[in-house]
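Trainee: Supplied structure: start23.cif, mmCIF, C-alpha atoms.
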```
data_coords
#
loop_
_atom_site.label_atom_id
_atom_site.label_comp_id
_atom_site.auth_asym_id
_atom_site.auth_seq_id
_atom_site.Cartn_x
_atom_site.Cartn_y
_atom_site.Cartn_z
CA MET A 1 102.24 87.29 84.49
CA PHE A 2 105.64 88.13 85.97
CA ASP A 3 105.59 84.83 87.85
CA ASN A 4 102.66 86.22 89.89
CA ILE A 5 105.27 88.10 91.93
CA TYR A 6 103.20 91.28 92.44
CA LYS A 7 99.97 89.71 93.70
CA ASN A 8 99.08 91.07 97.17
CA LYS A 9 102.41 92.91 97.39
CA LYS A 10 102.56 96.50 98.66
CA ILE A 11 103.97 98.63 95.85
CA LEU A 12 104.90 102.29 96.14
CA ILE A 13 104.93 104.36 92.93
CA THR A 14 106.35 107.87 92.98
CA GLY A 15 104.95 110.06 90.23
CA ASN A 16 101.83 107.91 90.24
CA THR A 17 99.59 110.70 88.89
CA GLY A 18 101.64 111.11 85.71
CA PHE A 19 101.20 109.39 82.37
CA LYS A 20 103.55 106.45 82.97
CA GLY A 21 102.68 106.26 86.67
CA SER A 22 98.96 105.97 85.97
CA TRP A 23 99.41 103.21 83.38
CA LEU A 24 101.74 101.37 85.78
CA SER A 25 99.18 101.73 88.58
CA ALA A 26 96.41 100.33 86.38
CA TRP A 27 98.54 97.37 85.32
CA LEU A 28 99.56 96.55 88.87
CA LEU A 29 95.95 96.80 90.02
CA LYS A 30 95.13 94.25 87.33
CA LEU A 31 97.91 92.09 88.80
CA GLU A 32 96.14 92.40 92.20
CA ALA A 33 98.84 94.47 93.89
CA LYS A 34 98.24 96.99 96.68
CA ILE A 35 99.26 100.41 95.37
CA ILE A 36 100.60 103.39 97.30
CA GLY A 37 101.24 106.58 95.37
CA ILE A 38 103.32 109.68 96.04
CA SER A 39 102.93 112.74 93.80
CA LYS A 40 102.99 116.45 94.49
CA ASP A 41 100.08 117.28 92.18
CA ILE A 42 97.93 116.29 89.22
CA PRO A 43 100.28 117.35 86.41
CA THR A 44 97.85 117.88 83.53
CA ASN A 45 94.26 118.79 82.75
CA PRO A 46 92.74 116.53 81.52
CA SER A 47 94.52 113.94 83.66
CA ILE A 48 94.74 110.21 83.08
CA PHE A 49 94.96 109.73 86.85
CA GLU A 50 91.59 111.45 87.31
CA THR A 51 90.09 109.95 84.15
CA LEU A 52 90.75 106.43 85.46
CA ASN A 53 89.54 107.36 88.98
CA LEU A 54 92.73 105.85 90.36
CA GLU A 55 92.53 107.73 93.64
CA GLN A 56 89.58 105.49 94.53
CA GLU A 57 91.70 102.38 93.99
CA ILE A 58 94.96 103.23 95.76
CA LYS A 59 96.40 104.87 98.87
CA PHE A 60 97.60 108.27 97.74
CA TYR A 61 99.98 110.69 99.42
CA ARG A 62 99.97 114.17 97.85
CA GLU A 63 103.56 115.01 98.68
CA ASP A 64 106.65 116.46 96.98
CA ILE A 65 109.62 114.08 96.77
CA ARG A 66 111.84 117.08 97.59
CA ASN A 67 110.43 117.06 101.13
CA LEU A 68 112.89 114.64 102.69
CA ASP A 69 111.24 114.42 106.12
CA LYS A 70 107.87 113.49 104.62
CA ILE A 71 109.35 110.94 102.24
CA ILE A 72 111.23 109.28 105.11
CA GLU A 73 108.02 109.24 107.14
CA ILE A 74 105.95 107.65 104.35
CA ILE A 75 108.45 104.97 103.36
CA SER A 76 109.26 104.06 106.98
CA LEU A 77 105.53 103.80 107.72
CA GLU A 78 104.41 101.91 104.62
CA LYS A 79 107.46 99.65 104.16
CA PRO A 80 106.59 98.73 100.55
CA ASP A 81 107.74 95.41 99.09
CA PHE A 82 108.52 97.16 95.79
CA LEU A 83 109.20 100.77 94.90
CA PHE A 84 109.03 102.23 91.39
CA HIS A 85 110.49 105.73 91.32
CA LEU A 86 109.07 107.67 88.38
CA ALA A 87 108.53 111.11 89.93
CA ALA A 88 110.45 113.79 88.03
CA GLN A 89 110.23 117.04 86.11
CA PRO A 90 109.84 115.32 82.71
CA ILE A 91 109.52 118.14 80.17
CA VAL A 92 112.67 119.26 78.33
CA SER A 93 111.25 122.69 77.44
CA THR A 94 110.39 123.32 81.11
CA SER A 95 114.01 122.69 82.06
CA TYR A 96 115.01 125.79 80.11
CA ILE A 97 112.34 127.89 81.82
CA ASN A 98 112.90 126.54 85.34
CA PRO A 99 116.28 124.81 85.58
CA ILE A 100 116.45 124.82 89.38
CA GLU A 101 113.11 123.02 89.72
CA THR A 102 114.31 120.46 87.18
CA ILE A 103 117.58 119.85 89.01
CA SER A 104 116.02 119.76 92.47
CA SER A 105 113.23 117.38 91.38
CA ASN A 106 115.35 115.02 89.32
CA VAL A 107 118.54 114.98 91.40
CA MET A 108 117.56 115.82 95.00
CA GLY A 109 114.18 114.09 94.63
CA THR A 110 115.96 110.88 93.66
CA ALA A 111 118.45 111.34 96.50
CA ASN A 112 115.56 111.71 98.97
CA ILE A 113 113.96 108.46 97.83
CA LEU A 114 117.27 106.63 98.25
CA GLU A 115 117.92 108.24 101.64
CA ALA A 116 114.46 107.22 102.86
CA LEU A 117 115.13 103.65 101.73
CA ARG A 118 118.50 103.69 103.51
CA ILE A 119 116.93 104.85 106.77
CA SER A 120 113.97 102.48 106.60
CA ASN A 121 116.19 99.55 105.52
CA HIS A 122 113.27 97.16 105.27
CA LYS A 123 113.26 94.42 102.64
CA CYS A 124 112.46 96.31 99.45
CA THR A 125 113.08 95.90 95.71
CA ALA A 126 113.46 99.34 94.13
CA ILE A 127 113.39 100.17 90.43
CA ILE A 128 114.69 103.69 89.85
CA ILE A 129 113.66 105.16 86.51
CA THR A 130 115.82 107.76 84.82
CA SER A 131 115.81 108.39 81.04
CA ASP A 132 117.63 107.77 77.79
CA LYS A 133 118.57 111.46 78.10
CA ALA A 134 120.93 110.42 80.90
CA TYR A 135 123.42 109.42 78.19
CA ASP A 136 125.89 111.98 76.89
CA ASN A 137 124.60 112.27 73.32
CA ILE A 138 127.69 112.45 71.12
CA GLU A 139 125.56 111.71 68.05
CA GLN A 140 126.88 108.22 67.55
CA VAL A 141 124.82 106.26 65.02
CA TRP A 142 124.75 103.01 66.98
CA GLY A 143 122.68 102.51 70.11
CA TYR A 144 123.89 103.65 73.51
CA LYS A 145 124.78 100.83 75.89
CA GLU A 146 124.47 100.85 79.66
CA THR A 147 128.24 101.26 79.97
CA ASP A 148 128.40 104.43 77.82
CA HIS A 149 129.13 107.85 79.30
CA LEU A 150 126.33 109.64 81.15
CA GLY A 151 125.69 113.34 81.30
CA GLY A 152 124.56 115.93 78.80
CA LYS A 153 124.89 119.45 77.48
CA ASP A 154 121.46 120.69 78.54
CA ILE A 155 119.81 121.03 81.94
CA TYR A 156 117.36 118.15 81.50
CA SER A 157 120.07 115.70 80.39
CA GLY A 158 122.37 116.96 83.12
CA SER A 159 119.68 116.42 85.76
CA LYS A 160 119.18 112.83 84.62
CA GLY A 161 122.93 112.20 84.49
CA GLY A 162 123.20 113.74 87.97
CA ALA A 163 120.48 111.42 89.26
CA GLU A 164 122.45 108.45 87.90
CA LEU A 165 125.56 109.55 89.80
CA ILE A 166 123.55 109.81 93.01
CA ILE A 167 122.08 106.33 92.48
CA LYS A 168 125.54 104.87 91.86
CA SER A 169 126.93 106.61 94.95
CA TYR A 170 124.14 105.36 97.20
CA PHE A 171 124.46 101.85 95.82
CA HIS A 172 128.19 101.59 96.50
CA SER A 173 128.06 103.50 99.80
CA PHE A 174 125.04 101.87 101.42
CA PHE A 175 123.10 99.27 99.45
CA LYS A 176 125.88 97.05 98.14
CA ASN A 177 126.94 95.87 101.59
CA SER A 178 125.47 92.85 103.32
CA ASN A 179 123.76 94.91 106.04
CA SER A 180 121.34 96.47 103.57
CA ASN A 181 117.90 95.02 102.88
CA ILE A 182 117.45 97.24 99.82
CA LYS A 183 117.93 95.88 96.31
CA LEU A 184 117.84 98.34 93.44
CA ALA A 185 118.21 98.54 89.68
CA ILE A 186 117.89 101.32 87.13
CA GLY A 187 115.55 101.49 84.15
CA ARG A 188 116.25 103.83 81.22
CA ALA A 189 113.76 104.51 78.45
CA GLY A 190 112.91 107.27 75.99
CA ASN A 191 109.74 109.09 75.04
CA VAL A 192 106.60 107.04 74.79
CA ILE A 193 103.11 107.52 73.40
CA GLY A 194 99.75 106.10 74.41
CA GLY A 195 96.30 107.09 75.57
CA GLY A 196 96.04 109.59 78.38
CA ASP A 197 99.16 111.67 77.82
CA TRP A 198 98.32 115.38 78.00
CA ALA A 199 101.81 116.78 78.62
CA LYS A 200 102.73 119.88 76.67
CA ASP A 201 104.96 119.92 73.60
CA ARG A 202 103.88 116.48 72.42
CA ILE A 203 102.84 116.04 68.77
CA VAL A 204 100.37 113.23 69.53
CA VAL A 205 98.73 115.22 72.32
CA ASP A 206 98.42 118.29 70.09
CA CYS A 207 96.77 116.18 67.39
CA MET A 208 94.27 114.55 69.71
CA ILE A 209 93.20 117.86 71.26
CA ALA A 210 92.84 119.50 67.84
CA TRP A 211 90.90 116.60 66.30
CA SER A 212 88.58 116.41 69.30
CA LYS A 213 87.61 120.03 68.45
CA GLY A 214 87.31 119.36 64.73
CA GLU A 215 90.44 121.37 63.98
CA ILE A 216 93.15 120.67 61.41
CA VAL A 217 96.68 120.18 62.73
CA GLU A 218 99.44 122.26 61.16
CA ILE A 219 102.81 120.57 60.78
CA ARG A 220 106.01 122.33 59.80
CA SER A 221 108.55 119.50 59.81
CA PRO A 222 106.77 116.48 58.34
CA GLN A 223 109.97 114.53 57.73
CA ALA A 224 111.20 114.69 61.33
CA THR A 225 111.57 111.14 62.64
CA ARG A 226 111.08 109.67 66.09
CA PRO A 227 111.02 106.18 67.60
CA TRP A 228 107.33 105.78 68.47
CA GLN A 229 107.00 103.37 71.40
CA HIS A 230 103.83 102.57 73.36
CA VAL A 231 103.93 103.29 77.09
CA LEU A 232 103.31 99.63 77.94
CA GLU A 233 106.64 98.62 76.37
CA PRO A 234 109.01 100.15 78.94
CA LEU A 235 106.51 99.37 81.72
CA SER A 236 106.74 95.67 80.83
CA GLY A 237 110.51 96.07 81.14
CA TYR A 238 110.29 97.78 84.53
CA LEU A 239 107.95 95.11 85.87
CA LEU A 240 110.12 92.30 84.51
CA LEU A 241 113.21 93.94 86.02
CA GLY A 242 111.41 94.18 89.37
CA GLN A 243 110.50 90.51 89.21
CA LYS A 244 113.99 89.34 88.27
CA LEU A 245 115.71 91.57 90.85
CA TYR A 246 113.35 90.29 93.55
CA GLN A 247 114.27 86.73 92.60
CA ASN A 248 117.98 87.16 91.87
CA ASP A 249 120.56 89.28 93.71
CA ILE A 250 122.90 89.24 90.70
CA LEU A 251 120.95 92.13 89.13
CA HIS A 252 121.45 94.33 92.22
CA GLY A 253 122.88 97.70 91.15
CA GLU A 254 122.52 97.05 87.41
CA ALA A 255 121.04 99.41 84.79
CA PHE A 256 118.91 98.38 81.81
CA ASN A 257 117.75 100.08 78.62
CA PHE A 258 114.21 99.55 77.35
CA GLY A 259 113.67 100.88 73.85
CA PRO A 260 111.85 100.23 70.58
CA ARG A 261 113.02 98.29 67.57
CA ALA A 262 114.70 100.27 64.81
CA GLU A 263 111.67 99.82 62.55
CA GLN A 264 109.57 101.87 64.99
CA ASN A 265 111.21 105.03 63.59
CA HIS A 266 108.71 106.89 61.42
CA THR A 267 108.23 110.45 60.24
CA VAL A 268 105.73 112.86 61.76
CA LYS A 269 103.76 112.75 58.49
CA GLU A 270 103.56 108.95 58.61
CA LEU A 271 102.52 109.08 62.26
CA LEU A 272 99.71 111.57 61.67
CA THR A 273 98.47 109.68 58.63
CA GLU A 274 98.22 106.46 60.67
CA LEU A 275 96.65 108.15 63.72
CA SER A 276 94.00 109.91 61.63
CA GLN A 277 92.67 106.60 60.30
CA TYR A 278 91.04 105.91 63.66
CA TRP A 279 89.26 109.28 63.72
CA HIS A 280 87.11 108.52 60.66
CA PHE A 281 88.29 111.41 58.50
CA ASN A 282 87.33 111.23 54.84
CA SER A 283 90.88 112.16 53.86
CA VAL A 284 94.16 113.15 55.48
CA GLU A 285 93.53 116.71 54.30
CA GLU A 286 90.84 116.93 56.98
CA ALA A 287 93.35 115.83 59.64
CA TYR A 288 96.47 117.88 58.96
CA LYS A 289 98.14 120.27 56.57
CA ILE A 290 101.79 120.94 55.93
CA THR A 291 102.24 124.69 56.41
CA ASN A 292 105.95 124.88 55.77
CA ASN A 293 108.19 121.98 54.91
CA ILE A 294 111.06 123.24 57.02
CA TYR A 295 114.26 121.25 56.95
CA PHE A 296 114.40 119.81 60.42
CA HIS A 297 117.93 119.36 61.76
CA GLU A 298 117.98 116.77 64.49
CA ALA A 299 120.85 115.78 66.66
CA GLY A 300 121.65 112.16 66.00
CA LEU A 301 118.63 110.31 67.28
CA LEU A 302 119.45 108.92 70.70
CA LYS A 303 118.97 105.21 70.15
CA LEU A 304 119.19 102.65 72.91
CA ASN A 305 120.97 99.34 72.63
CA CYS A 306 118.73 96.89 74.50
CA ASP A 307 120.90 93.78 74.16
CA LYS A 308 121.48 93.60 77.90
CA ALA A 309 117.72 93.49 78.59
CA LEU A 310 117.40 90.77 75.96
CA PHE A 311 120.22 88.59 77.31
CA ASP A 312 119.78 89.11 81.06
CA LEU A 313 116.01 89.56 81.29
CA LYS A 314 114.78 87.97 78.03
CA TRP A 315 112.91 91.22 77.36
CA LEU A 316 111.76 92.32 73.92
CA PRO A 317 109.27 94.94 72.73
CA THR A 318 105.81 93.50 72.09
CA LEU A 319 103.88 95.78 69.74
CA GLU A 320 104.40 96.39 66.05
CA TYR A 321 104.20 100.01 64.87
CA LYS A 322 100.65 99.81 63.51
CA LYS A 323 99.34 98.28 66.74
CA THR A 324 101.10 101.02 68.74
CA ILE A 325 99.26 103.63 66.68
CA LYS A 326 95.94 101.79 66.94
CA PHE A 327 96.16 101.51 70.73
CA THR A 328 97.02 105.19 71.05
CA SER A 329 94.50 106.69 68.67
CA GLU A 330 91.58 104.50 69.75
CA TRP A 331 92.11 105.36 73.42
CA TYR A 332 91.88 109.09 72.73
CA TYR A 333 88.96 108.67 70.32
CA ASP A 334 87.01 106.75 72.97
CA PHE A 335 87.85 109.40 75.58
CA TYR A 336 86.67 112.30 73.44
CA LYS A 337 83.88 110.70 71.41
CA ARG A 338 82.35 107.83 73.41
CA SER A 339 80.78 107.59 76.85
CA ILE A 340 82.59 104.56 78.21
CA SER A 341 84.69 103.70 81.25
CA MET A 342 88.25 104.68 80.38
CA PHE A 343 89.51 102.51 83.22
CA ASP A 344 87.88 99.52 81.51
CA LYS A 345 89.33 100.65 78.16
CA THR A 346 92.80 100.88 79.70
CA ILE A 347 92.55 97.45 81.30
CA GLN A 348 91.27 96.05 78.00
CA GLN A 349 94.35 97.40 76.18
CA ILE A 350 96.64 95.99 78.88
CA SER A 351 94.96 92.58 78.47
CA GLU A 352 95.35 92.75 74.69
CA TYR A 353 99.01 93.70 75.14
CA GLU A 354 99.52 90.73 77.47
CA ASN A 355 97.85 88.38 74.97
CA ILE A 356 100.04 89.58 72.09
CA ALA A 357 103.11 89.04 74.29
CA LYS A 358 101.87 85.54 75.17
CA GLU A 359 101.44 84.68 71.50
CA LYS A 360 105.03 85.80 70.91
CA GLY A 361 106.22 83.61 73.80
CA LEU A 362 107.71 86.45 75.83
CA LYS A 363 109.07 85.25 79.16
CA TRP A 364 107.36 87.80 81.40
CA THR A 365 103.93 86.39 80.47
CA GLU A 366 104.68 83.18 82.35
#
```
Show how you would write the structure in this file as structure tokens.
Mentor:
Amino acid sequence: MFDNIYKNKKILITGNTGFKGSWLSAWLLKLEAKIIGISKDIPTNPSIFETLNLEQEIKFYREDIRNLDKIIEIISLEKPDFLFHLAAQPIVSTSYINPIETISSNVMGTANILEALRISNHKCTAIIITSDKAYDNIEQVWGYKETDHLGGKDIYSGSKGGAELIIKSYFHSFFKNSNSNIKLAIGRAGNVIGGGDWAKDRIVVDCMIAWSKGEIVEIRSPQATRPWQHVLEPLSGYLLLGQKLYQNDILHGEAFNFGPRAEQNHTVKELLTELSQYWHFNSVEEAYKITNNIYFHEAGLLKLNCDKALFDLKWLPTLEYKKTIKFTSEWYYDFYKRSISMFDKTIQQISEYENIAKEKGLKWTE
């Protein structure tokens, strides 16, 4: 996998206690990497980080990325071979309640990581993760490309666009020159689903919590559509990007989109119907009810054009929609209803994901 590039390498993950960070940690542990984590807290309860007992498997610094002195100290001490920067304030609704925290975490936190890398200047391959929300959503119907305008009309989008400007500035000011030992690239992806997400304001999370209590979920906008992508999809892109950047300087400073196929777009009603099949309901009426079929006006769905990842990295999504739903629903069902090791369950799903990718001949499986 990934040309065995991560075996025995020291890899620092910021935001390692979050949903994506925990799945990335588990996958890299499977790849026999040595993991260092930086996070300011355990963001949810329940927590996938705690559920998988990841603190027993990694070296963990409980630190805020906004503390520049501490971040410089950790990175200069550890000198990781790879760095995956995922730490952020990730909830759009929270950005309206606490805009300053969102801006300071997403902009200054990113700046602090880059500054610490500049000062340490050891040989390091850094993948900086932002978001599809970094694009200025002008409601175009075709997918946004890496060269499209960045920014946004809300605080969350603005914070991600601001982070992108900081990354670009640091790249051209410090990392592009021949005296720098830092190589970096940017990964952009949208919302993902999968076992172990307990963040607020997520339809899948709300369903799983309700069903675990035997409650019926109420939905008000059943025809709202979303691109449902499993968490392992962008993670495979980040890991492939890390591998290719490590091996090839030509990707230094480049940004890449990692998104689902167009056929992954399904309505909330379709999603809940599929998810409920793995919870052994006698009928969908036991799983959810439509309380008010409100017309749901959505801004043009922010689609990503992933042609660059296809051509430059040979990256493609792996899972079909039904397998995405199966992975997600079964993970939660096992967590709530069965007494098994969820770390083993997570590794089993990663292995199955790898095998499906192998069968499809995807390059990163080599």
Trainee: Write out as a tab-separated table the residues of stretch 194-305 of chain A that have any atom within 12 Å of an atom of stretch 46-60 of chain A, one row each with the nearest atom pair and its distance in Å to one decimal, counting all atoms listed in the file, sorted by chain and then rising number.
Mentor:
```
residue	atom	partner	partner_atom	distance
A:Gly194	CA	A:Ile48	CA	10.8
A:Gly195	CA	A:Ile48	CA	8.3
A:Gly196	CA	A:Ile48	CA	4.9
A:Asp197	CA	A:Ile48	CA	7.0
A:Trp198	CA	A:Pro46	CA	6.7
A:Ala199	CA	A:Ser47	CA	9.3
A:Lys200	CA	A:Pro46	CA	11.6
A:Val205	CA	A:Pro46	CA	11.1
A:Ile209	CA	A:Pro46	CA	10.4
```
Trainee: With a distance cut-off of 6 Å and only C-alpha atoms, select the neighbouring residues of stretch 25-39 of chain A, excluding the residue or stretch itself and same-chain residues fewer than 4 positions from it, and output the selection as a list in words.
Mentor: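 Listed by chain and then number, they are Tyr6, Lys7, Asn8, Lys9, Lys10, Ile11, Leu12, Ile13, Thr14, Gly15, Asn16, Ile58, Lys59, Phe60, Tyr61, Arg62 and Glu63 of chain A.
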Trainee: I'd like the residues picked by the PyMOL selection byres ((chain A and resi 316-333) around 6) written out as a list in words, using the chain letters and numbers from the file.
Mentor: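 What the PyMOL selection byres ((chain A and resi 316-333) around 6) grabs from the file is Gly194, Gly195, His230, Glu233, Gln264, Leu275, Trp315, Asp334, Phe335, Tyr336, Lys337 and Ala357 of chain A.
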Trainee: Closest to A:Val284 among A:Tyr135, A:Trp211, A:Tyr96, A:Tyr353, using all atoms listed in the file?
Mentor: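 Closest candidate: A:Trp211.
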Trainee: Of the residues A:Leu24, A:Ala88, A:Ala262, A:Ile72, which is the one nearest to A:Asp41, using all atoms listed in the file?
Mentor: A:Ala88
Trainee: Report as number ranges by chain the residues that result from applying the PyMOL selection byres ((chain A and resi 106) around 8) to the structure here.
Mentor: A: 87-89, 102-105, 107-110, 159-160, 163
Trainee: Could you work out how far atom CA of A:Thr225 lies from atom CA of A:Tyr278, giving the answer in Å with one decimal?
Mentor: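 Spanning atom CA of A:Tyr278 to atom CA of A:Thr225 is a straight-line distance of 21.2 Å.
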Trainee: Taking all atoms listed in the file into account, which of A:Ser169, A:Ser178, A:Ser339, A:Gln349 comes nearest A:Asp249?
Mentor: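 With all atoms listed in the file as the atom set, the closest residue is A:Ser178.
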Trainee: Within 9 Å of A:Ala309, counting only C-alpha atoms, which residues qualify if same-chain residues fewer than 5 places away don't, as a ChimeraX atom specification?
Mentor: /A:237,241,256-258,314-316
Trainee: The PyMOL selection byres ((chain A and resi 164) around 12) - which residues does that actually catch in the file I just gave you? List them as a VMD selection string.
Mentor: chain A and resid 106 to 108 110 to 111 114 128 to 135 146 149 to 152 157 to 163 165 to 171 185 to 188 253 to 255
Trainee: Would you export the selected residues with C-alpha atoms as a CSV table (one decimal), in the frame of the given file, please?
Mentor:
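File written: part.csv
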```csv
chain,number,residue,atom,x,y,z
A,106,ASN,CA,115.4,115.0,89.3
A,107,VAL,CA,118.5,115.0,91.4
A,108,MET,CA,117.6,115.8,95.0
A,110,THR,CA,116.0,110.9,93.7
A,111,ALA,CA,118.4,111.3,96.5
A,114,LEU,CA,117.3,106.6,98.2
A,128,ILE,CA,114.7,103.7,89.8
A,129,ILE,CA,113.7,105.2,86.5
A,130,THR,CA,115.8,107.8,84.8
A,131,SER,CA,115.8,108.4,81.0
A,132,ASP,CA,117.6,107.8,77.8
A,133,LYS,CA,118.6,111.5,78.1
A,134,ALA,CA,120.9,110.4,80.9
A,135,TYR,CA,123.4,109.4,78.2
A,146,GLU,CA,124.5,100.8,79.7
A,149,HIS,CA,129.1,107.8,79.3
A,150,LEU,CA,126.3,109.6,81.2
A,151,GLY,CA,125.7,113.3,81.3
A,152,GLY,CA,124.6,115.9,78.8
A,157,SER,CA,120.1,115.7,80.4
A,158,GLY,CA,122.4,117.0,83.1
A,159,SER,CA,119.7,116.4,85.8
A,160,LYS,CA,119.2,112.8,84.6
A,161,GLY,CA,122.9,112.2,84.5
A,162,GLY,CA,123.2,113.7,88.0
A,163,ALA,CA,120.5,111.4,89.3
A,165,LEU,CA,125.6,109.6,89.8
A,166,ILE,CA,123.6,109.8,93.0
A,167,ILE,CA,122.1,106.3,92.5
A,168,LYS,CA,125.5,104.9,91.9
A,169,SER,CA,126.9,106.6,95.0
A,170,TYR,CA,124.1,105.4,97.2
A,171,PHE,CA,124.5,101.8,95.8
A,185,ALA,CA,118.2,98.5,89.7
A,186,ILE,CA,117.9,101.3,87.1
A,187,GLY,CA,115.6,101.5,84.2
A,188,ARG,CA,116.2,103.8,81.2
A,253,GLY,CA,122.9,97.7,91.2
A,254,GLU,CA,122.5,97.0,87.4
A,255,ALA,CA,121.0,99.4,84.8
```
Trainee: Which is closer to A:Tyr288 than all the others in A:Ala189, A:Ile250, A:Ile347, A:Leu272, using only C-alpha atoms?
Mentor: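 Using only C-alpha atoms, A:Tyr288 sits closest to A:Leu272.
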